[in-house]
file start11.cif (mmCIF, C-alpha atoms (C1' of nucleotides))
data_my_file
loop_
_atom_site.label_atom_id
_atom_site.label_comp_id
_atom_site.auth_asym_id
_atom_site.auth_seq_id
_atom_site.Cartn_x
_atom_site.Cartn_y
_atom_site.Cartn_z
CA MET A 259 24.58 247.62 195.24
CA GLY A 260 22.44 248.63 192.35
CA ARG A 261 21.90 247.05 188.99
CA ASN A 262 24.98 245.96 187.09
CA LYS A 263 25.88 247.19 183.65
CA GLU A 264 24.47 244.82 181.06
CA PHE A 265 27.10 245.53 178.43
CA ASP A 266 30.85 245.24 178.53
CA THR A 267 32.17 248.75 178.10
CA THR A 268 35.26 247.65 176.22
CA VAL A 269 33.21 245.47 173.89
CA VAL A 270 31.00 248.44 173.10
CA LEU A 271 34.11 250.54 172.64
CA ARG A 272 35.28 248.03 170.08
CA LYS A 273 31.99 248.27 168.25
CA ALA A 274 32.35 252.04 168.29
CA MET A 275 35.68 251.66 166.50
CA GLU A 276 33.97 249.71 163.75
CA VAL A 277 31.14 252.17 163.32
CA PHE A 278 33.34 255.26 163.37
CA GLY A 279 35.82 253.49 161.13
CA HIS A 280 33.17 252.74 158.55
CA TYR A 281 31.30 256.02 158.45
CA GLY A 282 33.89 258.47 159.76
CA TYR A 283 33.26 260.75 162.68
CA GLU A 284 31.04 263.25 160.93
CA GLY A 285 29.39 260.58 158.83
CA THR A 286 28.25 258.65 161.87
CA SER A 287 24.87 259.95 162.94
CA LEU A 288 23.69 259.27 166.44
CA GLN A 289 21.15 256.81 165.09
CA ILE A 290 23.74 254.82 163.18
CA LEU A 291 25.95 254.86 166.22
CA LEU A 292 23.28 253.55 168.56
CA ASP A 293 22.25 250.83 166.13
CA GLY A 294 25.86 249.75 165.84
CA LEU A 295 26.52 249.77 169.55
CA GLY A 296 23.30 248.00 170.45
CA ILE A 297 22.67 250.11 173.53
CA ALA A 298 20.09 252.74 174.34
CA ARG A 299 20.78 256.39 173.84
CA GLN A 300 20.77 257.25 177.49
CA SER A 301 23.24 254.48 178.26
CA LEU A 302 25.65 256.05 175.81
CA TYR A 303 25.51 259.47 177.43
CA ASP A 304 25.68 258.01 180.93
CA THR A 305 28.68 255.82 180.18
CA TYR A 306 30.76 257.71 177.66
CA GLY A 307 29.52 261.26 177.53
CA THR A 308 28.91 262.92 174.19
CA LYS A 309 29.49 261.49 170.75
CA LYS A 310 32.82 263.24 170.55
CA ASP A 311 33.85 261.90 173.96
CA LEU A 312 33.09 258.37 172.83
CA PHE A 313 35.03 258.90 169.64
CA ILE A 314 38.09 260.11 171.49
CA SER A 315 37.84 257.24 173.96
CA ALA A 316 37.62 254.71 171.15
CA VAL A 317 40.59 256.20 169.33
CA LYS A 318 42.74 256.26 172.43
CA HIS A 319 41.77 252.76 173.44
CA TYR A 320 42.55 251.36 170.03
CA THR A 321 45.83 253.23 169.69
CA ASN A 322 47.09 252.36 173.14
CA GLU A 323 46.34 248.71 172.61
CA LYS A 324 48.13 248.52 169.29
CA SER A 325 51.06 250.68 170.29
CA ALA A 326 51.73 248.74 173.46
CA ALA A 327 51.84 245.46 171.56
CA LEU A 328 54.10 247.00 168.95
CA VAL A 329 56.60 248.39 171.43
CA ALA A 330 56.66 245.12 173.34
CA ARG A 331 57.42 243.19 170.19
CA LEU A 332 60.20 245.59 169.22
CA ASN A 333 61.81 245.36 172.64
CA ARG A 334 61.83 241.60 172.80
CA PRO A 335 65.36 240.23 172.50
CA GLY A 336 66.33 238.42 169.34
CA SER A 337 66.28 239.34 165.69
CA VAL A 338 64.93 242.82 165.06
CA LYS A 339 64.19 242.04 161.45
CA ALA A 340 62.07 239.13 162.57
CA ALA A 341 60.22 241.41 164.96
CA ILE A 342 59.45 243.97 162.27
CA THR A 343 58.40 241.26 159.87
CA ASP A 344 56.10 239.89 162.55
CA ILE A 345 54.56 243.29 163.09
CA PHE A 346 53.71 243.79 159.47
CA CYS A 347 52.44 240.26 159.06
CA GLU A 348 50.15 240.84 162.00
CA ILE A 349 48.83 244.01 160.39
CA ALA A 350 48.23 242.17 157.16
CA ALA A 351 46.44 239.39 158.98
CA ALA A 352 44.18 241.88 160.74
CA LEU A 353 43.38 243.69 157.49
CA LYS A 354 42.53 240.45 155.73
CA ASP A 355 40.26 239.18 158.47
CA GLU A 356 36.73 240.29 157.73
CA ALA A 357 35.93 240.55 161.42
CA ARG A 358 39.05 242.37 162.54
CA ARG A 359 39.65 244.71 159.64
CA LYS A 360 36.67 246.94 160.41
CA GLU A 361 38.03 248.39 163.59
CA CYS A 362 41.36 249.24 161.98
CA PHE A 363 39.70 251.91 159.93
CA ILE A 364 39.08 254.07 162.93
CA MET A 365 42.66 255.21 162.42
CA HIS A 366 41.51 256.85 159.24
CA SER A 367 38.64 258.65 160.90
CA ALA A 368 40.99 259.75 163.64
CA ILE A 369 43.52 261.16 161.20
CA ASP A 370 40.73 263.10 159.53
CA GLN A 371 40.00 264.78 162.83
CA VAL A 372 43.60 265.69 163.59
CA PRO A 373 43.25 269.21 162.16
CA HIS A 374 40.00 269.85 164.02
CA VAL A 375 40.28 268.17 167.41
CA PRO A 376 43.32 269.35 169.38
CA GLU A 377 43.06 266.47 171.82
CA ILE A 378 43.36 263.98 168.97
CA ALA A 379 46.23 265.88 167.44
CA ALA A 380 48.19 265.97 170.67
CA PHE A 381 47.54 262.33 171.33
CA PHE A 382 48.73 261.30 167.89
CA GLU A 383 51.84 263.39 168.10
CA GLN A 384 52.76 261.81 171.38
CA ASP A 385 52.02 258.31 170.13
CA ALA A 386 53.99 258.85 166.94
CA SER A 387 57.10 259.99 168.75
CA ARG A 388 56.82 257.10 171.17
CA LEU A 389 56.64 254.61 168.31
CA GLU A 390 59.36 256.30 166.32
CA GLU A 391 61.66 256.06 169.30
CA ALA A 392 60.85 252.40 169.76
CA TYR A 393 61.62 251.73 166.13
CA TYR A 394 64.81 253.73 166.29
CA ARG A 395 66.14 251.95 169.37
CA ALA A 396 65.29 248.62 167.78
CA LEU A 397 67.14 249.57 164.62
CA VAL A 398 70.19 250.62 166.58
CA ARG A 399 70.12 247.26 168.27
CA ALA A 400 69.75 245.59 164.89
CA TYR A 401 72.81 247.40 163.66
CA GLU A 402 74.80 246.36 166.69
CA GLN A 403 73.69 242.79 166.15
CA GLY A 404 74.92 242.93 162.60
CA GLU A 405 71.49 242.69 161.02
CA LEU A 406 71.90 245.82 158.94
CA SER A 407 74.53 246.70 156.39
CA ASP A 408 76.26 250.03 155.92
CA ARG A 409 73.65 250.77 153.26
CA HIS A 410 71.35 251.78 156.10
CA SER A 411 73.15 254.87 157.18
CA ASP A 412 70.15 256.85 158.34
CA LEU A 413 68.38 254.84 161.00
CA ARG A 414 66.25 257.82 161.99
CA ALA A 415 64.79 258.01 158.51
CA LEU A 416 64.21 254.28 158.51
CA ALA A 417 62.36 254.48 161.81
CA ARG A 418 60.11 257.22 160.52
CA TYR A 419 59.47 255.26 157.39
CA LEU A 420 58.45 252.12 159.25
CA ASN A 421 56.16 254.01 161.57
CA HIS A 422 54.50 255.74 158.66
CA SER A 423 54.11 252.49 156.75
CA ARG A 424 51.88 251.06 159.42
CA TYR A 425 49.34 253.84 158.98
CA SER A 426 49.50 253.75 155.25
CA LEU A 427 48.69 250.06 155.06
CA THR A 428 45.20 250.58 156.41
CA GLN A 429 44.76 253.22 153.77
CA ALA A 430 45.76 250.73 151.11
CA ALA A 431 43.33 248.21 152.55
CA LYS A 432 40.52 250.68 152.16
CA LEU A 433 41.32 251.16 148.49
CA THR A 434 41.70 247.57 147.41
CA SER A 435 39.97 244.36 148.33
CA ASP A 436 42.70 242.27 146.72
CA PRO A 437 44.84 240.71 149.47
CA LYS A 438 47.64 240.13 146.99
CA VAL A 439 48.08 243.86 146.53
CA LEU A 440 48.49 244.21 150.27
CA ASP A 441 51.07 241.44 150.35
CA ASP A 442 52.97 243.04 147.50
CA ILE A 443 53.12 246.36 149.27
CA ILE A 444 54.34 244.79 152.49
CA LYS A 445 56.94 242.75 150.67
CA VAL A 446 58.47 245.80 149.03
CA THR A 447 58.13 247.84 152.20
CA LEU A 448 60.15 245.33 154.16
CA SER A 449 62.74 245.12 151.42
CA ALA A 450 63.98 248.46 152.72
CA LEU A 451 65.65 246.43 155.45
CA ASP A 452 67.50 244.15 153.02
CA SER A 453 71.19 244.52 152.73
CA MET B 142 23.83 285.80 124.30
CA GLY B 143 23.09 286.42 127.91
CA ARG B 144 25.27 287.41 130.81
CA ASN B 145 28.62 285.70 131.13
CA LYS B 146 29.73 283.70 134.13
CA GLU B 147 31.70 285.88 136.46
CA PHE B 148 33.79 283.10 137.97
CA ASP B 149 36.15 280.62 136.38
CA THR B 150 34.57 277.23 136.92
CA THR B 151 37.92 275.44 137.20
CA VAL B 152 39.24 277.98 139.67
CA VAL B 153 36.19 277.43 141.85
CA LEU B 154 36.67 273.69 141.43
CA ARG B 155 40.16 274.11 142.80
CA LYS B 156 38.83 276.00 145.78
CA ALA B 157 36.35 273.20 146.33
CA MET B 158 39.26 270.76 146.55
CA GLU B 159 40.76 272.81 149.34
CA VAL B 160 37.56 273.10 151.31
CA PHE B 161 36.59 269.46 150.97
CA GLY B 162 40.17 268.47 151.68
CA HIS B 163 40.24 270.41 154.89
CA TYR B 164 36.86 269.54 156.34
CA GLY B 165 36.07 266.25 154.62
CA TYR B 166 32.91 265.69 152.64
CA GLU B 167 30.55 265.29 155.56
CA GLY B 168 32.33 267.90 157.61
CA THR B 169 31.86 270.55 154.97
CA SER B 170 28.59 272.35 155.56
CA LEU B 171 27.01 274.27 152.75
CA GLN B 172 27.84 277.52 154.50
CA ILE B 173 31.51 276.64 154.83
CA LEU B 174 31.51 275.55 151.23
CA LEU B 175 29.98 278.75 149.93
CA ASP B 176 32.31 280.89 152.00
CA GLY B 177 35.26 278.98 150.63
CA LEU B 178 34.12 279.13 147.04
CA GLY B 179 33.19 282.79 147.14
CA ILE B 180 30.07 282.34 145.04
CA ALA B 181 26.39 282.60 145.81
CA ARG B 182 24.39 279.56 146.74
CA GLN B 183 22.27 279.55 143.63
CA SER B 184 25.34 279.80 141.42
CA LEU B 185 26.60 276.59 142.97
CA TYR B 186 23.43 274.67 142.24
CA ASP B 187 23.13 276.14 138.74
CA THR B 188 26.70 275.34 137.80
CA TYR B 189 27.61 272.13 139.59
CA GLY B 190 24.39 270.60 140.88
CA THR B 191 24.22 269.35 144.44
CA LYS B 192 26.97 269.32 147.02
CA LYS B 193 27.72 265.71 146.21
CA ASP B 194 27.88 266.46 142.50
CA LEU B 195 30.41 269.18 143.15
CA PHE B 196 32.45 266.89 145.35
CA ILE B 197 32.59 264.20 142.69
CA SER B 198 33.50 266.74 140.04
CA ALA B 199 36.30 268.11 142.18
CA VAL B 200 37.69 264.67 142.92
CA LYS B 201 37.64 263.64 139.29
CA HIS B 202 39.17 266.88 138.13
CA TYR B 203 42.00 266.67 140.63
CA THR B 204 42.69 263.01 139.98
CA ASN B 205 42.63 263.32 136.21
CA GLU B 206 45.02 266.23 136.32
CA LYS B 207 47.53 264.50 138.57
CA SER B 208 47.29 261.13 136.89
CA ALA B 209 47.78 262.54 133.43
CA ALA B 210 50.93 264.33 134.49
CA LEU B 211 52.20 261.23 136.22
CA VAL B 212 51.66 258.94 133.24
CA ALA B 213 53.24 261.47 130.92
CA ARG B 214 56.32 261.68 133.10
CA LEU B 215 56.62 257.90 133.28
CA ASN B 216 56.33 257.51 129.54
CA ARG B 217 58.96 260.09 128.69
CA PRO B 218 62.10 258.45 127.29
CA GLY B 219 65.21 258.42 129.42
CA SER B 220 65.99 257.20 132.88
CA VAL B 221 62.98 255.66 134.61
CA LYS B 222 64.55 256.08 138.01
CA ALA B 223 64.96 259.76 137.34
CA ALA B 224 61.31 259.96 136.34
CA ILE B 225 60.12 258.28 139.53
CA THR B 226 62.41 260.46 141.61
CA ASP B 227 60.98 263.49 139.87
CA ILE B 228 57.45 262.36 140.61
CA PHE B 229 58.06 261.99 144.31
CA CYS B 230 59.99 265.22 144.55
CA GLU B 231 57.09 266.97 142.90
CA ILE B 232 54.71 265.48 145.46
CA ALA B 233 56.97 266.57 148.27
CA ALA B 234 57.19 270.06 146.83
CA ALA B 235 53.41 270.29 146.61
CA LEU B 236 52.97 269.05 150.17
CA LYS B 237 55.47 271.54 151.50
CA ASP B 238 53.97 274.51 149.70
CA GLU B 239 51.44 276.14 151.97
CA ALA B 240 49.32 277.18 149.03
CA ARG B 241 49.37 273.92 147.10
CA ARG B 242 49.22 271.37 149.89
CA LYS B 243 45.62 272.16 150.79
CA GLU B 244 44.10 270.78 147.66
CA CYS B 245 46.06 267.53 147.94
CA PHE B 246 44.03 266.53 150.93
CA ILE B 247 40.92 266.07 148.86
CA MET B 248 42.36 262.64 148.12
CA HIS B 249 41.81 261.78 151.73
CA SER B 250 38.22 262.92 151.71
CA ALA B 251 37.68 260.99 148.51
CA ILE B 252 39.10 257.78 149.95
CA ASP B 253 36.79 258.18 152.91
CA GLN B 254 33.84 258.15 150.55
CA VAL B 255 34.96 255.09 148.60
CA PRO B 256 32.81 252.70 150.66
CA HIS B 257 29.75 254.93 150.40
CA VAL B 258 29.75 256.47 146.93
CA PRO B 259 29.87 253.84 144.18
CA GLU B 260 30.81 256.42 141.58
CA ILE B 261 33.90 257.37 143.55
CA ALA B 262 34.81 253.75 144.13
CA ALA B 263 34.56 252.88 140.46
CA PHE B 264 36.54 255.94 139.47
CA PHE B 265 39.32 255.16 141.91
CA GLU B 266 39.55 251.56 140.84
CA GLN B 267 39.91 252.57 137.23
CA ASP B 268 42.46 255.24 138.02
CA ALA B 269 44.50 252.90 140.20
CA SER B 270 44.77 250.23 137.54
CA ARG B 271 45.70 252.83 134.97
CA LEU B 272 48.51 254.13 137.16
CA GLU B 273 49.69 250.70 138.17
CA GLU B 274 49.99 249.75 134.54
CA ALA B 275 51.94 252.90 133.77
CA TYR B 276 54.33 252.16 136.61
CA TYR B 277 54.67 248.56 135.54
CA ARG B 278 55.47 249.40 131.93
CA ALA B 279 57.99 251.96 133.07
CA LEU B 280 59.66 249.44 135.37
CA VAL B 281 59.88 246.89 132.55
CA ARG B 282 61.54 249.54 130.47
CA ALA B 283 63.88 250.33 133.33
CA TYR B 284 64.86 246.71 133.56
CA GLU B 285 65.53 246.54 129.84
CA GLN B 286 67.63 249.67 130.12
CA GLY B 287 69.67 248.06 132.87
CA GLU B 288 68.49 250.39 135.60
CA LEU B 289 67.34 247.58 137.87
CA SER B 290 69.25 244.68 139.27
CA ASP B 291 68.08 241.10 139.59
CA ARG B 292 67.12 241.97 143.16
CA HIS B 293 63.93 243.43 141.73
CA SER B 294 62.33 240.23 140.60
CA ASP B 295 58.73 241.24 141.12
CA LEU B 296 58.07 244.33 139.08
CA ARG B 297 54.33 244.01 139.58
CA ALA B 298 54.74 244.28 143.33
CA LEU B 299 57.06 247.23 142.88
CA ALA B 300 54.52 248.99 140.68
CA ARG B 301 51.77 248.51 143.24
CA TYR B 302 54.08 249.73 145.96
CA LEU B 303 54.98 252.91 144.13
CA ASN B 304 51.37 253.67 143.31
CA HIS B 305 50.35 253.18 146.90
CA SER B 306 53.20 255.30 148.17
CA ARG B 307 51.86 258.33 146.39
CA TYR B 308 48.60 258.19 148.32
CA SER B 309 50.26 257.46 151.59
CA LEU B 310 52.48 260.51 151.40
CA THR B 311 49.56 262.89 151.67
CA GLN B 312 48.49 260.94 154.72
CA ALA B 313 51.90 261.44 156.25
CA ALA B 314 51.72 265.13 155.46
CA LYS B 315 48.48 265.37 157.39
CA LEU B 316 50.09 263.82 160.46
CA THR B 317 53.29 265.80 160.61
CA SER B 318 54.20 269.37 159.90
CA ASP B 319 57.90 268.58 159.88
CA PRO B 320 59.13 268.60 156.28
CA LYS B 321 62.16 266.55 157.28
CA VAL B 322 59.95 263.62 158.18
CA LEU B 323 58.44 263.78 154.72
CA ASP B 324 61.87 263.83 153.14
CA ASP B 325 62.98 260.88 155.21
CA ILE B 326 59.99 258.82 154.17
CA ILE B 327 60.51 259.62 150.51
CA LYS B 328 64.20 258.81 150.74
CA VAL B 329 63.58 255.37 152.14
CA THR B 330 60.66 254.79 149.80
CA LEU B 331 62.82 255.42 146.78
CA SER B 332 65.56 253.20 148.16
CA ALA B 333 63.38 250.30 147.11
CA LEU B 334 64.69 250.98 143.62
CA ASP B 335 68.33 250.79 144.64
CA SER B 336 70.37 247.87 143.47
"C1'" DT C 601 11.51 245.10 201.85
"C1'" DC C 602 14.05 249.12 200.81
"C1'" DT C 603 17.48 251.57 198.30
"C1'" DT C 604 20.48 252.20 194.62
"C1'" DT C 605 21.83 251.81 190.07
"C1'" DT C 606 21.12 250.80 185.31
"C1'" DT C 607 18.34 250.00 181.23
"C1'" DC C 608 15.03 251.31 178.09
"C1'" DG C 609 12.01 254.08 175.33
"C1'" DG C 610 9.61 257.93 174.14
"C1'" DA C 611 9.03 262.78 174.17
"C1'" DC C 612 11.14 266.93 173.42
"C1'" DC C 613 14.37 270.72 172.27
"C1'" DA C 614 16.89 274.11 169.48
"C1'" DT C 615 19.87 274.04 165.80
"C1'" DT C 616 21.55 272.90 161.54
"C1'" DT C 617 21.26 270.66 157.39
"C1'" DA C 618 20.79 270.48 152.08
"C1'" DA C 619 17.95 272.08 148.79
"C1'" DT C 620 14.26 274.82 146.36
"C1'" DC C 621 11.69 278.82 145.04
"C1'" DA C 622 11.08 283.56 143.89
"C1'" DA C 623 12.22 288.15 142.47
"C1'" DG C 624 15.04 291.90 141.24
"C1'" DA C 625 19.36 293.68 139.31
"C1'" DA C 626 23.19 293.24 136.16
"C1'" DT C 627 25.16 291.94 131.85
"C1'" DG C 628 25.82 291.09 126.98
"C1'" DG C 629 24.52 289.60 122.30
"C1'" DA C 630 20.96 289.95 118.62
"C1'" DT D 1239 15.44 297.87 122.43
"C1'" DC D 1240 14.59 293.21 123.49
"C1'" DC D 1241 15.66 288.84 125.24
"C1'" DA D 1242 18.38 285.41 127.39
"C1'" DT D 1243 21.48 284.37 130.88
"C1'" DT D 1244 23.64 285.02 135.21
"C1'" DC D 1245 24.21 287.02 139.87
"C1'" DT D 1246 22.55 288.05 144.31
"C1'" DT D 1247 19.56 287.83 148.10
"C1'" DG D 1248 16.12 286.31 151.18
"C1'" DA D 1249 12.48 283.32 152.33
"C1'" DT D 1250 11.19 278.79 152.95
"C1'" DT D 1251 10.93 273.92 153.29
"C1'" DA D 1252 11.32 269.38 155.27
"C1'" DA D 1253 14.29 266.46 157.33
"C1'" DA D 1254 17.96 265.26 160.31
"C1'" DT D 1255 21.14 266.65 163.73
"C1'" DG D 1256 23.17 266.06 168.69
"C1'" DG D 1257 21.64 266.35 173.11
"C1'" DT D 1258 18.50 266.52 177.30
"C1'" DC D 1259 14.71 265.27 180.33
"C1'" DC D 1260 11.44 262.20 182.30
"C1'" DG D 1261 9.38 257.97 184.00
"C1'" DA D 1262 8.83 253.15 184.44
"C1'" DA D 1263 10.76 248.61 184.72
"C1'" DA D 1264 14.46 245.54 186.11
"C1'" DA D 1265 18.13 243.92 188.76
"C1'" DA D 1266 21.30 243.48 192.71
"C1'" DG D 1267 22.96 244.27 197.32
"C1'" DA D 1268 21.75 245.82 202.20
#

call {"tool": "encode", "arguments": {"input": "start11.cif", "output": "structure tokens"}}
result
Amino acid sequence: MGRNKEFDTTVVLRKAMEVFGHYGYEGTSLQILLDGLGIARQSLYDTYGTKKDLFISAVKHYTNEKSAALVARLNRPGSVKAAITDIFCEIAAALKDEARRKECFIMHSAIDQVPHVPEIAAFFEQDASRLEEAYYRALVRAYEQGELSDRHSDLRALARYLNHSRYSLTQAAKLTSDPKVLDDIIKVTLSALDS
Amino acid sequence: MGRNKEFDTTVVLRKAMEVFGHYGYEGTSLQILLDGLGIARQSLYDTYGTKKDLFISAVKHYTNEKSAALVARLNRPGSVKAAITDIFCEIAAALKDEARRKECFIMHSAIDQVPHVPEIAAFFEQDASRLEEAYYRALVRAYEQGELSDRHSDLRALARYLNHSRYSLTQAAKLTSDPKVLDDIIKVTLSALDS
DNA sequence: TCTTTTTCGGACCATTTAATCAAGAATGGA
DNA sequence: TCCATTCTTGATTAAATGGTCCGAAAAAGA
């Protein structure tokens, strides 16, 4: 009973990613936020709590979504190199798509808040170790499958490098509008897996 | 004639880097800024103009300093690989030094403002192309000196990659406090130059 | 019809913001 | 000594900030 919500909470959450990604957490005033979300002020506070609560929710939602897809792709049987290539191609595709690239930038805003919001810091730390482990296990499997040469002695370092590269690509996308630059960076990044 | 300035303007500029780097541009209130700089409010406005003016000055000062050193190192005769290794080791050393790492983070705050402050955007674009060219010329020289194998066919891509890696390292430093992670990332990053 | 829930919009709050102005004290060269 | 410059401090401004409260309208199930 009672009136139904008129907006899809996850759709609004997605819009929040775009707004926070574009202006940053501190740079997003309540007015900008409401305009971007397209809902009334009271609806925001009723549904998500404070501005900070909404920010944290958006960050977690985005991260969980991306991380889950990433881990699933890494765990899928078959060529590990192909999986990693897929992952980075997908990132590039998202960053080149005018509609999708906006929400990626919330990662930047989130990283900015790491030193100031303990909840964000803890969440990131946990997510990073989860992803690093997924990369590491995949690399071990790659080695066992004969996809890597003896040149790749330190698989732990390689896992950390790949995990870090994902974050850094969105940074690169913010600095350049030239898609070729992005492709170049990815190409060289993946060459770390060559024998 | 007249009273002399009591503070060294470049020293204060360096402090501004630290403050802006820690809190971000929007996250730095005037009070925080003044506390960090250790000067009176009126002295700030007399010497640097508005808060935004000071921010832009700090970003430019930091960038010019770092870029000049980088280009100089790349242009020095001798092994190019050694030069690039030096550059990244220097970055790592700065990011590990509790005193020096703070000011590095102003790059992050600056990148955040790229979409909103045209002057910052233009400055970054110019600086990036300058650095990319320096890397590219150095890589051509490396190839001529026989430091690179035929595996490195696309020196332009490699130059863009190296330039981007510098920025991304400070991002990694913000996410992890473990210096070993930083070392691992640098190790793999530089392996792109291996034959 | 009645009740519950949500939406919407405006009013309102205390706080904080960046920035300016003013005035007195300190400093140093002419 | 005189003047120019800087430092320091406090007062002040006008706007914007995040957040709360209230009331009316709308919708959906009982």

call {"tool": "atom_distance", "arguments": {"input": "start11.cif", "atom1": "CA of Glu264 in chain A", "atom2": "CA of Ile297 in chain A"}}
result
9.4 Å

call {"tool": "resolve_selection", "arguments": {"input": "start11.cif", "expression": "the PyMOL selection byres ((chain D) within 9 of (chain B))", "output": "ChimeraX atom specification"}}
result
/D:1241-1247

call {"tool": "closest_residue", "arguments": {"input": "start11.cif", "among": "A:Ile342, A:Ala400, A:Cys362, A:Ile443", "to": "Arg301 in chain B", "atoms": "all atoms listed in the file"}}
result
A:Ile443

call {"tool": "closest_residue", "arguments": {"input": "start11.cif", "among": "A:Tyr281, A:Leu353, A:Tyr306, A:Leu328", "to": "chain B", "atoms": "all atoms listed in the file"}}
result
A:Tyr281

call {"tool": "resolve_selection", "arguments": {"input": "start11.cif", "expression": "the PyMOL selection byres ((chain A and resi 307-313) around 8)", "output": "MDAnalysis selection string"}}
result
chainID A and resid 271 274:275 278 283 288 302:306 314:317

call {"tool": "atom_distance", "arguments": {"input": "start11.cif", "atom1": "CA of Asp442 in chain A", "atom2": "CA of Tyr302 in chain B"}}
result
7.0 Å

call {"tool": "residues_around", "arguments": {"input": "start11.cif", "residues": "Pro373 in chain A", "least_positions_apart": "4", "cutoff": "9 Å", "atoms": "all atoms listed in the file", "output": "list of chain:residue names"}}
result
A:Ile369, A:Ile378, A:Ala379, B:His163, B:Tyr164, B:Lys315, B:Leu316

call {"tool": "resolve_selection", "arguments": {"input": "start11.cif", "expression": "the PyMOL selection byres ((chain D and resi 1252) around 12)", "output": "VMD selection string"}}
result
(chain C and resid 617 to 620) or (chain D and resid 1250 to 1251 1253 to 1254)

call {"tool": "residues_near_point", "arguments": {"input": "start11.cif", "point": "(24.4, 273.3, 163.1)", "cutoff": "10 Å", "atoms": "all atoms listed in the file", "output": "list of chain:residue names"}}
result
B:Ser170, C:DA614, C:DT615, C:DT616, C:DT617, D:DT1255, D:DG1256
